[in-house]
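The file query.txt comes next; it holds compact mmCIF, C-alpha atoms and all ligand atoms.
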# COMPACT_ATOMS: atom_id res chain seq x y z
CA MET A 30 0.00 0.00 0.00
CA THR A 31 1.40 3.40 -0.93
CA SER A 32 1.50 5.86 1.92
CA ILE A 33 -0.39 9.06 1.21
CA LYS A 34 2.36 10.89 3.07
CA THR A 35 4.92 10.32 0.30
CA TYR A 36 4.90 11.61 -3.24
CA THR A 37 7.24 11.63 -6.22
CA SER A 38 8.23 14.22 -8.78
CA GLN A 39 10.77 15.08 -11.41
CA ALA A 40 12.98 17.83 -10.03
CA LEU A 41 15.98 20.02 -10.73
CA VAL A 42 18.41 20.38 -7.83
CA LEU A 43 19.03 24.12 -7.39
CA LYS A 44 21.36 24.14 -4.38
CA TYR A 45 22.07 22.57 -1.02
CA PHE A 46 23.69 23.38 2.27
CA PRO A 47 25.10 21.11 4.97
CA TYR A 48 22.95 20.46 8.02
CA LYS A 49 23.97 18.83 11.29
CA GLU A 50 26.71 16.21 11.04
CA ALA A 51 25.92 14.40 7.82
CA ASP A 52 22.69 15.77 6.35
CA LEU A 53 22.01 18.09 3.43
CA ILE A 54 19.14 20.50 3.02
CA LEU A 55 18.27 20.61 -0.67
CA THR A 56 16.40 23.26 -2.58
CA VAL A 57 14.73 21.49 -5.48
CA PHE A 58 12.44 22.83 -8.18
CA THR A 59 9.94 20.04 -8.77
CA LYS A 60 7.85 19.87 -11.90
CA GLN A 61 4.62 18.88 -10.16
CA HIS A 62 4.86 20.74 -6.82
CA GLY A 63 7.07 23.75 -7.44
CA LYS A 64 10.14 24.78 -5.45
CA LEU A 65 10.62 23.25 -2.03
CA GLN A 66 13.23 22.43 0.55
CA ALA A 67 13.89 18.88 1.65
CA ILE A 68 16.29 17.23 4.05
CA ALA A 69 18.42 14.36 2.75
CA LYS A 70 19.46 12.55 5.92
CA GLY A 71 22.98 11.15 5.94
CA ALA A 72 23.63 12.44 2.39
CA ARG A 73 27.18 13.54 3.25
CA LYS A 74 28.23 10.03 4.31
CA PRO A 75 30.28 8.41 1.53
CA GLN A 76 28.11 5.29 1.45
CA SER A 77 24.85 7.28 1.37
CA LYS A 78 22.26 6.12 -1.16
CA PHE A 79 21.86 9.81 -2.11
CA SER A 80 25.53 10.25 -2.92
CA GLY A 81 26.06 11.56 -6.47
CA HIS A 82 22.34 12.10 -7.08
CA VAL A 83 21.77 15.43 -5.36
CA GLU A 84 24.42 17.68 -6.92
CA PRO A 85 23.14 21.09 -8.09
CA LEU A 86 22.09 21.14 -11.77
CA THR A 87 21.08 17.48 -11.74
CA VAL A 88 17.62 16.44 -12.92
CA ILE A 89 16.30 13.75 -10.59
CA ASN A 90 13.28 11.67 -9.81
CA ILE A 91 12.68 12.33 -6.14
CA GLN A 92 10.42 10.72 -3.58
CA LEU A 93 9.52 12.92 -0.64
CA ALA A 94 7.79 12.39 2.66
CA ARG A 95 5.70 15.29 3.87
CA GLY A 96 6.95 16.97 7.02
CA ARG A 97 5.53 19.62 9.30
CA SER A 98 8.12 22.24 8.37
CA ILE A 99 10.27 20.52 5.72
CA GLU A 100 9.96 17.48 3.47
CA THR A 101 12.27 14.47 3.85
CA VAL A 102 13.93 12.85 0.85
CA THR A 103 13.22 9.13 0.88
CA GLN A 104 14.49 8.11 -2.58
CA VAL A 105 16.41 9.73 -5.43
CA GLN A 106 17.33 8.60 -8.92
CA THR A 107 19.34 10.64 -11.37
CA ASN A 108 17.28 11.34 -14.47
CA LYS A 109 19.81 13.55 -16.27
CA ALA A 110 23.23 14.83 -15.21
CA TYR A 111 25.32 17.49 -16.93
CA PRO A 112 28.97 16.41 -16.56
CA THR A 113 30.14 18.89 -19.22
CA LEU A 114 28.93 21.80 -17.06
CA TYR A 115 31.30 20.74 -14.30
CA LYS A 116 34.27 20.48 -16.68
CA ASP A 117 34.11 24.09 -17.90
CA LEU A 118 34.08 27.05 -15.54
CA ASN A 119 32.16 29.27 -17.98
CA LYS A 120 29.47 26.65 -18.54
CA LEU A 121 29.23 26.01 -14.82
CA ALA A 122 28.86 29.75 -14.11
CA HIS A 123 26.06 29.97 -16.70
CA GLY A 124 24.38 26.89 -15.22
CA ILE A 125 24.52 28.32 -11.70
CA TYR A 126 23.11 31.59 -13.04
CA ILE A 127 20.13 29.66 -14.49
CA SER A 128 19.51 27.87 -11.18
CA GLU A 129 19.77 31.17 -9.29
CA LEU A 130 17.24 32.80 -11.65
CA ILE A 131 14.83 29.89 -11.12
CA ASP A 132 15.37 30.00 -7.36
CA GLN A 133 14.73 33.75 -7.20
CA PHE A 134 11.71 33.89 -9.50
CA THR A 135 9.77 30.88 -8.19
CA PRO A 136 7.73 31.06 -5.00
CA GLU A 137 7.69 28.00 -2.72
CA LYS A 138 5.27 25.20 -3.60
CA GLU A 139 3.83 26.82 -6.72
CA PRO A 140 4.31 24.56 -9.73
CA ASN A 141 5.33 26.25 -12.98
CA LYS A 142 5.83 23.67 -15.73
CA GLN A 143 6.74 26.30 -18.30
CA ILE A 144 9.70 27.48 -16.20
CA PHE A 145 10.64 23.88 -15.42
CA ASP A 146 10.69 22.87 -19.10
CA ALA A 147 12.47 26.07 -20.17
CA GLY A 148 15.05 25.49 -17.40
CA ILE A 149 15.87 21.96 -18.59
CA ASP A 150 15.95 23.17 -22.19
CA ILE A 151 18.49 25.93 -21.46
CA LEU A 152 20.69 23.62 -19.35
CA ASP A 153 20.73 21.13 -22.25
CA PHE A 154 21.75 23.96 -24.56
CA ILE A 155 24.48 25.37 -22.28
CA SER A 156 25.84 21.86 -21.86
CA ASN A 157 26.07 21.25 -25.63
CA SER A 158 26.66 24.63 -27.25
CA PRO A 159 29.92 26.63 -27.40
CA GLU A 160 27.94 29.90 -27.59
CA PRO A 161 24.86 29.77 -25.37
CA GLU A 162 24.67 33.51 -24.58
CA LEU A 163 21.84 34.52 -26.91
CA LYS A 164 19.69 31.60 -25.76
CA ILE A 165 20.39 32.54 -22.14
CA ARG A 166 19.00 36.03 -22.95
CA ASN A 167 15.90 34.25 -24.33
CA PHE A 168 15.62 32.25 -21.10
CA GLU A 169 15.78 35.51 -19.10
CA PHE A 170 12.91 36.79 -21.21
CA GLN A 171 10.94 33.55 -20.74
CA ILE A 172 11.37 33.50 -16.96
CA LEU A 173 10.09 37.09 -16.80
CA LYS A 174 7.16 36.11 -19.04
CA PHE A 175 6.28 32.89 -17.17
CA SER A 176 6.55 34.69 -13.80
CA GLY A 177 4.09 37.39 -14.81
CA PHE A 178 6.64 40.12 -15.59
CA LEU A 179 6.43 40.08 -19.39
CA PRO A 180 7.82 43.40 -20.69
CA GLU A 181 5.35 45.38 -22.80
CA LEU A 182 6.69 45.46 -26.39
CA PHE A 183 3.88 46.92 -28.50
CA VAL A 184 2.22 49.94 -26.88
CA CYS A 185 3.62 52.77 -24.79
CA VAL A 186 3.52 51.80 -21.09
CA LYS A 187 2.35 55.30 -20.18
CA CYS A 188 -0.07 56.56 -22.84
CA GLY A 189 -1.07 53.23 -24.42
CA GLN A 190 -0.42 54.45 -27.98
CA GLU A 191 0.97 51.90 -30.42
CA ILE A 192 4.74 52.25 -30.62
CA VAL A 193 6.07 53.80 -33.87
CA ALA A 194 9.10 51.87 -35.18
CA GLY A 195 12.31 53.62 -34.17
CA GLU A 196 10.61 56.13 -31.85
CA HIS A 197 10.85 54.41 -28.50
CA ARG A 198 12.86 53.94 -25.34
CA TYR A 199 12.56 51.39 -22.53
CA SER A 200 11.31 52.04 -19.04
CA VAL A 201 12.33 49.39 -16.51
CA SER A 202 10.11 50.75 -13.74
CA ASN A 203 7.06 51.09 -16.01
CA GLY A 204 7.57 47.62 -17.46
CA GLY A 205 8.37 48.03 -21.14
CA VAL A 206 8.53 50.23 -24.22
CA ILE A 207 7.73 53.90 -23.87
CA CYS A 208 7.09 56.45 -26.63
CA LEU A 209 9.41 59.44 -27.04
CA GLY A 210 6.61 61.80 -25.98
CA CYS A 211 6.23 60.09 -22.60
CA SER A 212 9.84 59.18 -21.92
CA ASP A 213 12.19 61.00 -19.62
CA ILE A 214 15.74 60.44 -20.88
CA SER A 215 17.17 60.25 -17.38
CA ASN A 216 14.81 57.47 -16.26
CA THR A 217 14.65 55.36 -19.41
CA MET A 218 17.07 53.27 -21.44
CA ASP A 219 18.06 53.36 -25.12
CA MET A 220 16.16 50.82 -27.15
CA SER A 221 16.93 50.40 -30.85
CA LEU A 222 14.50 48.97 -33.39
CA ALA A 223 16.72 45.87 -33.64
CA SER A 224 16.42 45.35 -29.86
CA ILE A 225 12.63 45.60 -29.89
CA LYS A 226 12.55 43.11 -32.80
CA LEU A 227 14.80 40.67 -30.91
CA LEU A 228 12.60 40.82 -27.79
CA ARG A 229 9.48 40.33 -29.92
CA TYR A 230 11.23 37.31 -31.47
CA PHE A 231 11.86 35.93 -27.96
CA ASN A 232 8.17 36.49 -27.21
CA ARG A 233 7.19 34.33 -30.20
CA HIS A 234 9.89 31.66 -29.79
CA SER A 235 10.46 30.29 -26.32
CA THR A 236 12.93 27.67 -27.52
CA ALA A 237 15.34 27.00 -30.38
CA GLY A 238 16.00 29.05 -33.48
CA GLU A 239 18.51 31.52 -32.05
CA SER A 240 21.40 29.96 -33.95
CA GLN A 241 19.93 31.27 -37.22
CA LEU A 242 19.76 34.85 -35.93
CA ARG A 243 22.33 37.39 -37.00
CA ILE A 244 22.58 39.90 -34.19
CA LYS A 245 24.90 42.88 -34.08
CA GLU A 246 27.09 43.11 -31.00
CA THR A 247 25.52 46.48 -30.09
CA THR A 248 22.00 44.97 -30.25
CA TYR A 249 23.07 42.01 -28.12
CA THR A 250 24.63 44.30 -25.51
CA GLU A 251 21.57 46.56 -25.43
CA VAL A 252 19.16 43.63 -24.99
CA ARG A 253 21.40 42.07 -22.37
CA ASN A 254 21.35 45.32 -20.35
CA LEU A 255 17.58 45.81 -20.75
CA LEU A 256 16.87 42.28 -19.51
CA LEU A 257 19.39 42.43 -16.68
CA GLU A 258 18.04 45.77 -15.41
CA THR A 259 14.49 44.36 -15.63
CA ILE A 260 15.48 41.27 -13.63
CA ILE A 261 17.27 43.36 -10.99
CA PHE A 262 14.24 45.68 -10.75
CA TRP A 263 11.75 42.85 -10.13
CA LEU A 264 14.00 40.88 -7.80
CA GLU A 265 15.08 44.08 -6.04
CA LYS A 266 18.65 42.79 -6.08
CA ASP A 267 21.56 41.86 -8.31
CA LEU A 268 22.39 38.19 -8.79
CA LYS A 269 25.71 36.96 -7.44
CA SER A 270 26.19 34.52 -10.31
CA SER A 271 25.62 37.25 -12.90
CA GLN A 272 28.38 39.32 -11.28
CA PHE A 273 30.59 36.23 -11.29
CA ILE A 274 30.08 35.74 -15.06
CA ASP A 275 31.08 39.39 -15.61
CA HIS A 276 34.11 38.84 -13.39
CA LEU A 277 35.10 35.75 -15.42
CA LYS A 278 34.99 37.85 -18.59
CA THR A 279 37.20 40.57 -17.12
CA ILE A 280 39.82 38.10 -15.96
CA GLN A 281 39.73 36.10 -19.20
CA THR A 282 39.80 38.96 -21.70
CA PRO A 283 43.24 40.33 -20.76
CA LEU A 284 44.77 36.86 -21.09
CA THR A 285 43.92 36.75 -24.78
CA LYS A 286 45.58 40.12 -25.26
CA LEU A 287 48.88 39.19 -23.60
ZN ZN B 301 3.49 57.35 -24.57

Re-express the file's structure as structure tokens.
Ligand SMILES: [Zn+2]
Amino acid sequence: MTSIKTYTSQALVLKYFPYKEADLILTVFTKQHGKLQAIAKGARKPQSKFSGHVEPLTVINIQLARGRSIETVTQVQTNKAYPTLYKDLNKLAHGIYISELIDQFTPEKEPNKQIFDAGIDILDFISNSPEPELKIRNFEFQILKFSGFLPELFVCVKCGQEIVAGEHRYSVSNGGVICLGCSDISNTMDMSLASIKLLRYFNRHSTAGESQLRIKETTYTEVRNLLLETIIFWLEKDLKSSQFIDHLKTIQTPLTKL
């Protein structure tokens, strides 16, 4: 007889921290039950049945027992691991950034299958592609969209008039495109026509297709800044892993110039 106190789910391990002598407290984003914390008892013992299955950025099948304050992990099987992420510091930094975005944007115990599927999709891509940056920008857009923070891309966020091509800026605090008549230069960001087109493309295509796009470096940089400022605004904080990726770039760039 199956106990009604246990349940199973597919899950992505977001992070863990040590607890007591040999336990781990995991933060997992489950497909069916949303983000939750669970204790894996004895997981730090070498012979633990959990060993190797609860590393961050691993997709697992997890069985959990309901607890009063925290769930207890009763069984874990690895569904998909990403060994290539752990062999490349850049890939690992991108992967951790994805897990931090998911952790920050998802409330506890609220399932969001769109974010779950997009998260697995982007981790697959980072793992396999030498240039995942544009698709990571698309994931940033998708997590805003699937969390209810979709930037407005068609009408002015202040006056509601349809945006005229080339006559627009971007207002982070107002949530999207703003016409030149309503925009205050000091409180809004530059937004080229190419940038608005790229974001509209992201809005139509949640996965795949980016490899065919030809994007100018200036457009990429502008879109990256627009999305990052939007994320920081809604989360009310900067992400540590995003700063780390920037730091990696600054320490790697000079090496190529030596
Ligand atoms: Zn306006």

Neighbours of A:Phe262 within 12 Å (all atoms listed in the file; same-chain residues fewer than 6 positions away dropped), as a list in words? Leu173, Phe178, Ser200, Val201, Ser202, Asn203, Gly204, Asn254, Leu255, Leu256 and Leu268 of chain A

Of A:Arg243, A:Lys226, A:Arg97, A:Lys187, the one nearest to ligand ZN 301 (chain B) when counting all atoms listed in the file is A:Lys187

Can you tell me which residues sit at most 7 Å away from ligand ZN 301 (chain B), counting all atoms listed in the file, written as a list in words?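 The residues within 7 Å of ligand ZN 301 (chain B), counting all atoms listed in the file, are Cys185, Val186, Lys187, Cys188, Gly189, Gln190, Ile207, Cys208, Leu209, Gly210 and Cys211 of chain A.
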
For a quick check of understanding, using only C-alpha atoms, which of A:Leu242, A:Leu86, A:Leu227, A:Ile260 has the smallest distance to A:Ile127? A:Leu86

What is the distance, in Å and to one decimal place, between atom CA of A:Phe79 and atom CA of A:Asp117?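 That distance, rounded to one decimal, is 24.6 Å.
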
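When all atoms listed in the file are used to compute distances to A:Thr236, the closest of the residues A:Arg166, A:Lys269, A:Lys278, A:Lys34 turns out to be A:Arg166.
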
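Among the candidate residues A:Arg229, A:Phe170, A:Ala67, A:Asn216, the one lying nearest to A:Ser98 is A:Ala67, with distances computed using all atoms listed in the file.
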
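Near A:Ile172, within 8 Å and counting all atoms listed in the file, sit Leu130, Ile131, Phe134 and Ile144 of chain A, not including residues fewer than 5 positions from it in the same chain.
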
Residue with smallest distance to A:Phe58 - pool A:Thr87, A:Ser158, A:Ser80, A:Thr103, counting all atoms listed in the file: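 Checking each of A:Thr87, A:Ser158, A:Ser80, A:Thr103 against A:Phe58, counting all atoms listed in the file, the winner is A:Thr87.
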
Could you give me, as a PDB file with C-alpha atoms, keeping the file's coordinate frame, the residues within 12 Å of A:Leu228, counting only C-alpha atoms and dropping anything in the same chain fewer than 5 positions from it?
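The resulting file, selection-v9.pdb, is shown below:
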ATOM      1  CA  LEU A 163      21.840  34.520 -26.910  1.00  0.00           C
ATOM      2  CA  LYS A 164      19.690  31.600 -25.760  1.00  0.00           C
ATOM      3  CA  ARG A 166      19.000  36.030 -22.950  1.00  0.00           C
ATOM      4  CA  ASN A 167      15.900  34.250 -24.330  1.00  0.00           C
ATOM      5  CA  PHE A 168      15.620  32.250 -21.100  1.00  0.00           C
ATOM      6  CA  GLU A 169      15.780  35.510 -19.100  1.00  0.00           C
ATOM      7  CA  PHE A 170      12.910  36.790 -21.210  1.00  0.00           C
ATOM      8  CA  GLN A 171      10.940  33.550 -20.740  1.00  0.00           C
ATOM      9  CA  LEU A 173      10.090  37.090 -16.800  1.00  0.00           C
ATOM     10  CA  LYS A 174       7.160  36.110 -19.040  1.00  0.00           C
ATOM     11  CA  LEU A 179       6.430  40.080 -19.390  1.00  0.00           C
ATOM     12  CA  PRO A 180       7.820  43.400 -20.690  1.00  0.00           C
ATOM     13  CA  GLU A 181       5.350  45.380 -22.800  1.00  0.00           C
ATOM     14  CA  LEU A 182       6.690  45.460 -26.390  1.00  0.00           C
ATOM     15  CA  PHE A 183       3.880  46.920 -28.500  1.00  0.00           C
ATOM     16  CA  TYR A 199      12.560  51.390 -22.530  1.00  0.00           C
ATOM     17  CA  GLY A 205       8.370  48.030 -21.140  1.00  0.00           C
ATOM     18  CA  VAL A 206       8.530  50.230 -24.220  1.00  0.00           C
ATOM     19  CA  MET A 220      16.160  50.820 -27.150  1.00  0.00           C
ATOM     20  CA  SER A 221      16.930  50.400 -30.850  1.00  0.00           C
ATOM     21  CA  LEU A 222      14.500  48.970 -33.390  1.00  0.00           C
ATOM     22  CA  ALA A 223      16.720  45.870 -33.640  1.00  0.00           C
ATOM     23  CA  ARG A 233       7.190  34.330 -30.200  1.00  0.00           C
ATOM     24  CA  HIS A 234       9.890  31.660 -29.790  1.00  0.00           C
ATOM     25  CA  SER A 235      10.460  30.290 -26.320  1.00  0.00           C
ATOM     26  CA  GLU A 239      18.510  31.520 -32.050  1.00  0.00           C
ATOM     27  CA  ILE A 244      22.580  39.900 -34.190  1.00  0.00           C
ATOM     28  CA  THR A 248      22.000  44.970 -30.250  1.00  0.00           C
ATOM     29  CA  TYR A 249      23.070  42.010 -28.120  1.00  0.00           C
ATOM     30  CA  GLU A 251      21.570  46.560 -25.430  1.00  0.00           C
ATOM     31  CA  VAL A 252      19.160  43.630 -24.990  1.00  0.00           C
ATOM     32  CA  ARG A 253      21.400  42.070 -22.370  1.00  0.00           C
ATOM     33  CA  LEU A 255      17.580  45.810 -20.750  1.00  0.00           C
ATOM     34  CA  LEU A 256      16.870  42.280 -19.510  1.00  0.00           C
TER      35      LEU A 256
END

Taking into account all atoms listed in the file, which residue in the set A:Ile149, A:Ala110, A:Ala51, A:Ile165 is nearest to A:Phe231? A:Ile165
